[in-house]
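K.L.:
Okay, handing you the structure first.
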Protein chains: 2
Amino acid sequence: MSSLDLAFAALADPTRRRIVARLTRGELRVTDLAQPFAMSLNAVSKHVKVLEGAGLVRRRREGREHYLRLRAAPLREVARWTSQYERFWNQRLDALGAFLDKQTENDDEGSQ
Amino acid sequence: MSSLDLAFAALADPTRRRIVARLTRGELRVTDLAQPFAMSLNAVSKHVKVLEGAGLVRRRREGREHYLRLRAAPLREVARWTSQYERFWNQRLDALGAFLDKQTENDDEGSQ
DNA sequence: CAAACATTCAACCTTTTGGTTGAATAATAC
DNA sequence: GTATTATTCAACCAAAAGGTTGAATGTTTG
């Protein structure tokens, strides 16, 4: 699996996106992360492992506690891949613009 | 499933990302899309349906042929979600910058 | 040392995913 | 009107995903 595959797959789950969002505030332990979710700690632990596997999260062990922090690199990769298409959607807007211009042209013709 | 879930999940598969990439060139039929892939036409047809379900692709039927074209909206949604974290990764770079500045400061101290 | 805590591991279950093959449907071409 | 072409539908399969529970592993605390 490519790193882009892993990043997109990791971010496809809403629980994991919420985890990512919460980690922008700073480091949190697995238990802290699990607290607001209506699922077992084990389930959250698994989600964290998926994020870790995608490189989105880094783990720092301190005694029995594991502190997680966000790694931005995979998010940048996703942003980079996606932004290829900015060109495309601007182009579509341009095409719409050209179409509207054409319409206006025709309106002018009609009024002559 | 939220539209963001669907978009991320759809883009997590490399075959589907390749399909998206090819569709920036313009409309293609299912058969055209399937041609370069080492899998059955049926498999590609399924992938197209996933992309369609995520709103990334729109289908136009013309006789027995189905023409697919790219819809940019979900890509924009993904870009928008991801760009929230631009702030975050710039901040990390800033933190690195501050760290390096601090190092330099200490170097100066040492040289006094 | 014993109890409590933070976390993972392992086994299990159900649903989804990504692929296959074979048949159905519908439009086109000869 | 019979092939051929474009596509989907349906059934099936293996593997992965997302969850559960229960036990194991370490670490901290009393």
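Residue names in the structure tokens use chain letters A, B, ... in the order shown, residue numbers from 1 in each chain, and ligand numbers from 1 in the order shown.
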Quick one: which chain C residues come within 7 Å of chain B, and what is the nearest atom pair for each with the distance in Å to one decimal, counting only C-alpha atoms (C1' of nucleotides), rows ordered by chain and ascending number, as JSON lines?

P.N.:
{"residue": "C:DG19", "atom": "C1'", "partner": "B:Ala43", "partner_atom": "CA", "distance": 6.6}
{"residue": "C:DA26", "atom": "C1'", "partner": "B:Arg64", "partner_atom": "CA", "distance": 6.8}
{"residue": "C:DA27", "atom": "C1'", "partner": "B:Arg64", "partner_atom": "CA", "distance": 5.1}

K.L.:
Just want the 10 Å neighbourhood of DC5 (chain C), counted on only C-alpha atoms (C1' of nucleotides), with same-chain residues fewer than 2 positions away dropped. Output as an mmCIF file with all heavy atoms, in the first residue's frame.

P.N.:
data_model
loop_
_atom_site.group_PDB
_atom_site.id
_atom_site.type_symbol
_atom_site.label_atom_id
_atom_site.label_comp_id
_atom_site.auth_asym_id
_atom_site.auth_seq_id
_atom_site.Cartn_x
_atom_site.Cartn_y
_atom_site.Cartn_z
ATOM 1 N N ARG A 64 3.654 4.018 31.668
ATOM 2 C CA ARG A 64 2.514 3.241 31.150
ATOM 3 C C ARG A 64 1.667 4.060 30.193
ATOM 4 O O ARG A 64 0.753 3.546 29.557
ATOM 5 C CB ARG A 64 1.663 2.721 32.316
ATOM 6 C CG ARG A 64 1.021 3.810 33.133
ATOM 7 C CD ARG A 64 0.245 3.248 34.314
ATOM 8 N NE ARG A 64 -0.074 4.310 35.268
ATOM 9 C CZ ARG A 64 -0.649 4.102 36.438
ATOM 10 N NH1 ARG A 64 -0.972 2.884 36.803
ATOM 11 N NH2 ARG A 64 -0.913 5.093 37.242
ATOM 12 N N GLU A 65 1.960 5.335 30.097
ATOM 13 C CA GLU A 65 1.151 6.208 29.240
ATOM 14 C C GLU A 65 1.782 6.373 27.856
ATOM 15 O O GLU A 65 2.998 6.486 27.738
ATOM 16 C CB GLU A 65 0.988 7.576 29.905
ATOM 17 C CG GLU A 65 0.191 7.512 31.200
ATOM 18 C CD GLU A 65 0.345 8.766 32.040
ATOM 19 O OE1 GLU A 65 1.472 9.296 32.103
ATOM 20 O OE2 GLU A 65 -0.661 9.210 32.617
ATOM 21 P P DA C 3 -5.220 -7.450 46.440
ATOM 22 O OP1 DA C 3 -6.225 -7.850 47.439
ATOM 23 O OP2 DA C 3 -4.860 -8.374 45.329
ATOM 24 O "O5'" DA C 3 -5.661 -6.047 45.829
ATOM 25 C "C5'" DA C 3 -5.663 -4.911 46.698
ATOM 26 C "C4'" DA C 3 -5.651 -3.639 45.869
ATOM 27 O "O4'" DA C 3 -4.344 -3.422 45.307
ATOM 28 C "C3'" DA C 3 -6.635 -3.657 44.704
ATOM 29 O "O3'" DA C 3 -7.370 -2.450 44.769
ATOM 30 C "C2'" DA C 3 -5.742 -3.757 43.461
ATOM 31 C "C1'" DA C 3 -4.463 -3.071 43.937
ATOM 32 N N9 DA C 3 -3.228 -3.510 43.281
ATOM 33 C C8 DA C 3 -2.794 -4.798 43.093
ATOM 34 N N7 DA C 3 -1.623 -4.891 42.497
ATOM 35 C C5 DA C 3 -1.265 -3.570 42.279
ATOM 36 C C6 DA C 3 -0.128 -2.987 41.683
ATOM 37 N N6 DA C 3 0.897 -3.686 41.193
ATOM 38 N N1 DA C 3 -0.071 -1.625 41.622
ATOM 39 C C2 DA C 3 -1.098 -0.920 42.120
ATOM 40 N N3 DA C 3 -2.226 -1.362 42.720
ATOM 41 C C4 DA C 3 -2.242 -2.703 42.762
ATOM 42 P P DT C 7 -2.960 5.484 27.937
ATOM 43 O OP1 DT C 7 -1.998 6.412 27.306
ATOM 44 O OP2 DT C 7 -4.402 5.818 28.003
ATOM 45 O "O5'" DT C 7 -2.823 4.056 27.229
ATOM 46 C "C5'" DT C 7 -1.523 3.479 27.115
ATOM 47 C "C4'" DT C 7 -1.583 2.016 26.761
ATOM 48 O "O4'" DT C 7 -2.261 1.254 27.783
ATOM 49 C "C3'" DT C 7 -2.369 1.669 25.512
ATOM 50 O "O3'" DT C 7 -1.510 1.674 24.393
ATOM 51 C "C2'" DT C 7 -2.855 0.246 25.792
ATOM 52 C "C1'" DT C 7 -2.439 -0.020 27.225
ATOM 53 N N1 DT C 7 -3.480 -0.765 27.971
ATOM 54 C C2 DT C 7 -3.274 -2.107 28.209
ATOM 55 O O2 DT C 7 -2.281 -2.719 27.868
ATOM 56 N N3 DT C 7 -4.295 -2.732 28.870
ATOM 57 C C4 DT C 7 -5.473 -2.169 29.313
ATOM 58 O O4 DT C 7 -6.310 -2.848 29.900
ATOM 59 C C5 DT C 7 -5.630 -0.756 29.028
ATOM 60 C C7 DT C 7 -6.868 -0.014 29.456
ATOM 61 C C6 DT C 7 -4.635 -0.125 28.374
ATOM 62 P P DT D 27 7.394 -1.089 32.302
ATOM 63 O OP1 DT D 27 8.037 -0.162 31.342
ATOM 64 O OP2 DT D 27 8.187 -1.967 33.182
ATOM 65 O "O5'" DT D 27 6.416 -0.219 33.215
ATOM 66 C "C5'" DT D 27 5.676 0.821 32.565
ATOM 67 C "C4'" DT D 27 4.815 1.533 33.578
ATOM 68 O "O4'" DT D 27 3.842 0.617 34.144
ATOM 69 C "C3'" DT D 27 5.582 2.125 34.761
ATOM 70 O "O3'" DT D 27 5.092 3.440 34.897
ATOM 71 C "C2'" DT D 27 5.195 1.232 35.932
ATOM 72 C "C1'" DT D 27 3.767 0.842 35.526
ATOM 73 N N1 DT D 27 3.184 -0.400 36.111
ATOM 74 C C2 DT D 27 1.939 -0.330 36.705
ATOM 75 O O2 DT D 27 1.302 0.693 36.792
ATOM 76 N N3 DT D 27 1.477 -1.525 37.204
ATOM 77 C C4 DT D 27 2.108 -2.746 37.159
ATOM 78 O O4 DT D 27 1.567 -3.750 37.635
ATOM 79 C C5 DT D 27 3.406 -2.758 36.519
ATOM 80 C C7 DT D 27 4.178 -4.029 36.409
ATOM 81 C C6 DT D 27 3.889 -1.594 36.028
ATOM 82 P P DT D 28 5.880 4.563 35.681
ATOM 83 O OP1 DT D 28 5.853 5.801 34.887
ATOM 84 O OP2 DT D 28 7.148 3.977 36.177
ATOM 85 O "O5'" DT D 28 4.902 4.803 36.918
ATOM 86 C "C5'" DT D 28 3.614 5.350 36.616
ATOM 87 C "C4'" DT D 28 2.674 5.035 37.741
ATOM 88 O "O4'" DT D 28 2.626 3.613 37.988
ATOM 89 C "C3'" DT D 28 3.077 5.673 39.078
ATOM 90 O "O3'" DT D 28 2.029 6.573 39.389
ATOM 91 C "C2'" DT D 28 3.192 4.491 40.052
ATOM 92 C "C1'" DT D 28 2.340 3.439 39.359
ATOM 93 N N1 DT D 28 2.600 2.003 39.655
ATOM 94 C C2 DT D 28 1.602 1.263 40.236
ATOM 95 O O2 DT D 28 0.523 1.727 40.554
ATOM 96 N N3 DT D 28 1.918 -0.059 40.440
ATOM 97 C C4 DT D 28 3.099 -0.700 40.113
ATOM 98 O O4 DT D 28 3.248 -1.887 40.337
ATOM 99 C C5 DT D 28 4.107 0.135 39.492
ATOM 100 C C7 DT D 28 5.416 -0.453 39.102
ATOM 101 C C6 DT D 28 3.818 1.437 39.293
ATOM 102 P P DT D 29 2.159 7.612 40.593
ATOM 103 O OP1 DT D 29 1.479 8.839 40.198
ATOM 104 O OP2 DT D 29 3.571 7.620 41.044
ATOM 105 O "O5'" DT D 29 1.293 6.891 41.733
ATOM 106 C "C5'" DT D 29 0.000 6.378 41.389
ATOM 107 C "C4'" DT D 29 -0.599 5.641 42.587
ATOM 108 O "O4'" DT D 29 -0.115 4.266 42.617
ATOM 109 C "C3'" DT D 29 -0.244 6.253 43.941
ATOM 110 O "O3'" DT D 29 -1.416 6.239 44.730
ATOM 111 C "C2'" DT D 29 0.819 5.289 44.507
ATOM 112 C "C1'" DT D 29 0.331 3.963 43.927
ATOM 113 N N1 DT D 29 1.343 2.877 43.764
ATOM 114 C C2 DT D 29 0.955 1.579 44.041
ATOM 115 O O2 DT D 29 -0.154 1.276 44.431
ATOM 116 N N3 DT D 29 1.931 0.634 43.841
ATOM 117 C C4 DT D 29 3.222 0.843 43.400
ATOM 118 O O4 DT D 29 3.993 -0.101 43.260
ATOM 119 C C5 DT D 29 3.562 2.225 43.126
ATOM 120 C C7 DT D 29 4.937 2.566 42.648
ATOM 121 C C6 DT D 29 2.613 3.171 43.320
#

K.L.:
Please find the residues of chain D near chain A - the criterion being any atom within 12 Å, counting only C-alpha atoms (C1' of nucleotides) - and write them as a list in words.

P.N.:
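Taken together, these residues fit the definition: DA16, DA17, DG18, DG19, DT20, DT21, DG22, DT25, DG26, DT27 and DT28 of chain D.
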
K.L.:
Please produce an output containing N, CA and C atoms (P, O5', C5', C4', C3', O3' and C1' of nucleotides) for each residue in the selection, written as a tab-separated table (two decimals), in the first residue's frame.

P.N.:
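Saved the output as result.tsv:
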chain	number	residue	atom	x	y	z
D	16	DA	P	-5.80	-8.89	3.59
D	16	DA	O5'	-6.74	-7.69	4.09
D	16	DA	C5'	-7.27	-6.81	3.10
D	16	DA	C4'	-8.30	-5.92	3.75
D	16	DA	C3'	-7.86	-5.27	5.06
D	16	DA	O3'	-8.30	-3.93	5.01
D	16	DA	C1'	-9.88	-6.41	5.38
D	17	DA	P	-7.91	-2.88	6.13
D	17	DA	O5'	-9.25	-2.06	6.43
D	17	DA	C5'	-10.44	-2.37	5.75
D	17	DA	C4'	-11.64	-2.01	6.61
D	17	DA	C3'	-11.35	-1.21	7.88
D	17	DA	O3'	-12.43	-0.31	8.04
D	17	DA	C1'	-12.37	-3.24	8.45
D	18	DG	P	-12.28	0.97	8.99
D	18	DG	O5'	-13.21	0.61	10.22
D	18	DG	C5'	-14.61	0.43	10.01
D	18	DG	C4'	-15.20	-0.22	11.22
D	18	DG	C3'	-14.68	0.37	12.55
D	18	DG	O3'	-15.80	0.72	13.35
D	18	DG	C1'	-14.54	-1.98	12.56
D	19	DG	P	-15.56	1.64	14.65
D	19	DG	O5'	-15.81	0.59	15.83
D	19	DG	C5'	-17.10	0.19	16.17
D	19	DG	C4'	-17.18	-1.26	16.61
D	19	DG	C3'	-16.69	-1.61	18.02
D	19	DG	O3'	-17.60	-1.18	19.01
D	19	DG	C1'	-16.34	-3.39	16.46
D	20	DT	P	-17.20	-1.23	20.55
D	20	DT	O5'	-17.32	-2.79	20.90
D	20	DT	C5'	-18.60	-3.43	20.77
D	20	DT	C4'	-18.45	-4.92	21.10
D	20	DT	C3'	-17.82	-5.17	22.46
D	20	DT	O3'	-18.83	-5.39	23.43
D	20	DT	C1'	-16.77	-6.51	20.78
D	21	DT	P	-18.49	-5.33	24.96
D	21	DT	O5'	-17.71	-6.71	25.22
D	21	DT	C5'	-18.36	-7.96	24.98
D	21	DT	C4'	-17.36	-9.07	25.26
D	21	DT	C3'	-16.78	-9.03	26.68
D	21	DT	O3'	-16.94	-10.31	27.28
D	21	DT	C1'	-15.03	-9.11	25.07
D	22	DG	P	-16.60	-10.53	28.82
D	22	DG	O5'	-15.11	-11.09	28.75
D	22	DG	C5'	-14.85	-12.23	27.92
D	22	DG	C4'	-13.40	-12.63	28.05
D	22	DG	C3'	-12.84	-12.49	29.46
D	22	DG	O3'	-11.96	-13.59	29.69
D	22	DG	C1'	-11.57	-11.17	28.00
D	25	DT	P	1.70	-12.10	29.74
D	25	DT	O5'	2.01	-10.54	29.66
D	25	DT	C5'	2.09	-9.89	28.41
D	25	DT	C4'	2.44	-8.43	28.62
D	25	DT	C3'	3.54	-8.22	29.67
D	25	DT	O3'	4.51	-7.35	29.13
D	25	DT	C1'	1.68	-6.89	30.16
D	26	DG	P	6.06	-7.47	29.51
D	26	DG	O5'	6.39	-6.02	30.04
D	26	DG	C5'	5.60	-5.56	31.10
D	26	DG	C4'	5.33	-4.09	30.92
D	26	DG	C3'	6.09	-3.31	31.96
D	26	DG	O3'	6.29	-2.00	31.49
D	26	DG	C1'	3.76	-3.28	32.44
D	27	DT	P	7.39	-1.09	32.30
D	27	DT	O5'	6.42	-0.22	33.21
D	27	DT	C5'	5.68	0.82	32.57
D	27	DT	C4'	4.82	1.53	33.58
D	27	DT	C3'	5.58	2.13	34.76
D	27	DT	O3'	5.09	3.44	34.90
D	27	DT	C1'	3.77	0.84	35.53
D	28	DT	P	5.88	4.56	35.68
D	28	DT	O5'	4.90	4.80	36.92
D	28	DT	C5'	3.61	5.35	36.62
D	28	DT	C4'	2.67	5.04	37.74
D	28	DT	C3'	3.08	5.67	39.08
D	28	DT	O3'	2.03	6.57	39.39
D	28	DT	C1'	2.34	3.44	39.36

K.L.:
Write down as a ChimeraX atom specification the residues belonging to chain B that are assigned strand (DSSP E or B) by DSSP computed on the backbone.

P.N.:
/B:28-29,57-62,65-70

K.L.:
Report, in Å to a single decimal, how far apart CA of Arg69 (chain B) and CA of Thr24 (chain B) are.

P.N.:
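If I compute the distance from CA of Thr24 (chain B) to CA of Arg69 (chain B), I get 8.0 Å.
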
K.L.:
Sorted by chain and rising residue number, which residues of chain B lie within 8 Å of chain A, and what are their closest atom pairs and distances in Å to one decimal, counting only C-alpha atoms, as a tab-separated table?

P.N.:
residue	atom	partner	partner_atom	distance
B:Leu4	CA	A:Ala12	CA	7.4
B:Asp5	CA	A:Ala12	CA	4.8
B:Leu6	CA	A:Ala12	CA	7.1
B:Ala7	CA	A:Ala12	CA	7.6
B:Phe8	CA	A:Ala12	CA	4.7
B:Ala9	CA	A:Ala12	CA	4.9
B:Leu11	CA	A:Phe8	CA	6.4
B:Ala12	CA	A:Phe8	CA	4.7
B:Asp13	CA	A:Asp5	CA	6.2
B:Pro14	CA	A:Asp5	CA	6.7
B:Thr24	CA	A:Phe88	CA	6.9
B:Ala72	CA	A:Trp89	CA	5.6
B:Ala73	CA	A:Trp89	CA	7.9
B:Leu75	CA	A:Thr82	CA	6.5
B:Arg76	CA	A:Glu86	CA	7.6
B:Val78	CA	A:Thr82	CA	7.4
B:Ala79	CA	A:Ala79	CA	6.0
B:Thr82	CA	A:Ala79	CA	6.0
B:Ser83	CA	A:Ala79	CA	6.9
B:Tyr85	CA	A:Leu75	CA	7.4
B:Glu86	CA	A:Arg76	CA	7.6
B:Phe88	CA	A:Thr24	CA	6.9
B:Trp89	CA	A:Ala72	CA	5.6

K.L.:
At a cut-off of 12 Å, using only C-alpha atoms (C1' of nucleotides), what residues contact DA23 (chain C)? Leave out same-chain residues fewer than 4 positions from it and give the result as a list in words.

P.N.:
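My reading of the contact set: DT8, DC9, DA10 and DA11 of chain D.
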
K.L.:
For those residues, write C-alpha atoms (C1' of nucleotides) to a file as a PDB file, in the first residue's frame.

P.N.:
ATOM      1  C1'  DT D   8     -24.963  -3.923 -15.669  1.00  0.00           C
ATOM      2  C1'  DC D   9     -26.808  -7.500 -12.453  1.00  0.00           C
ATOM      3  C1'  DA D  10     -26.237 -11.452  -9.481  1.00  0.00           C
ATOM      4  C1'  DA D  11     -23.870 -14.811  -7.065  1.00  0.00           C
TER       5       DA D  11
END
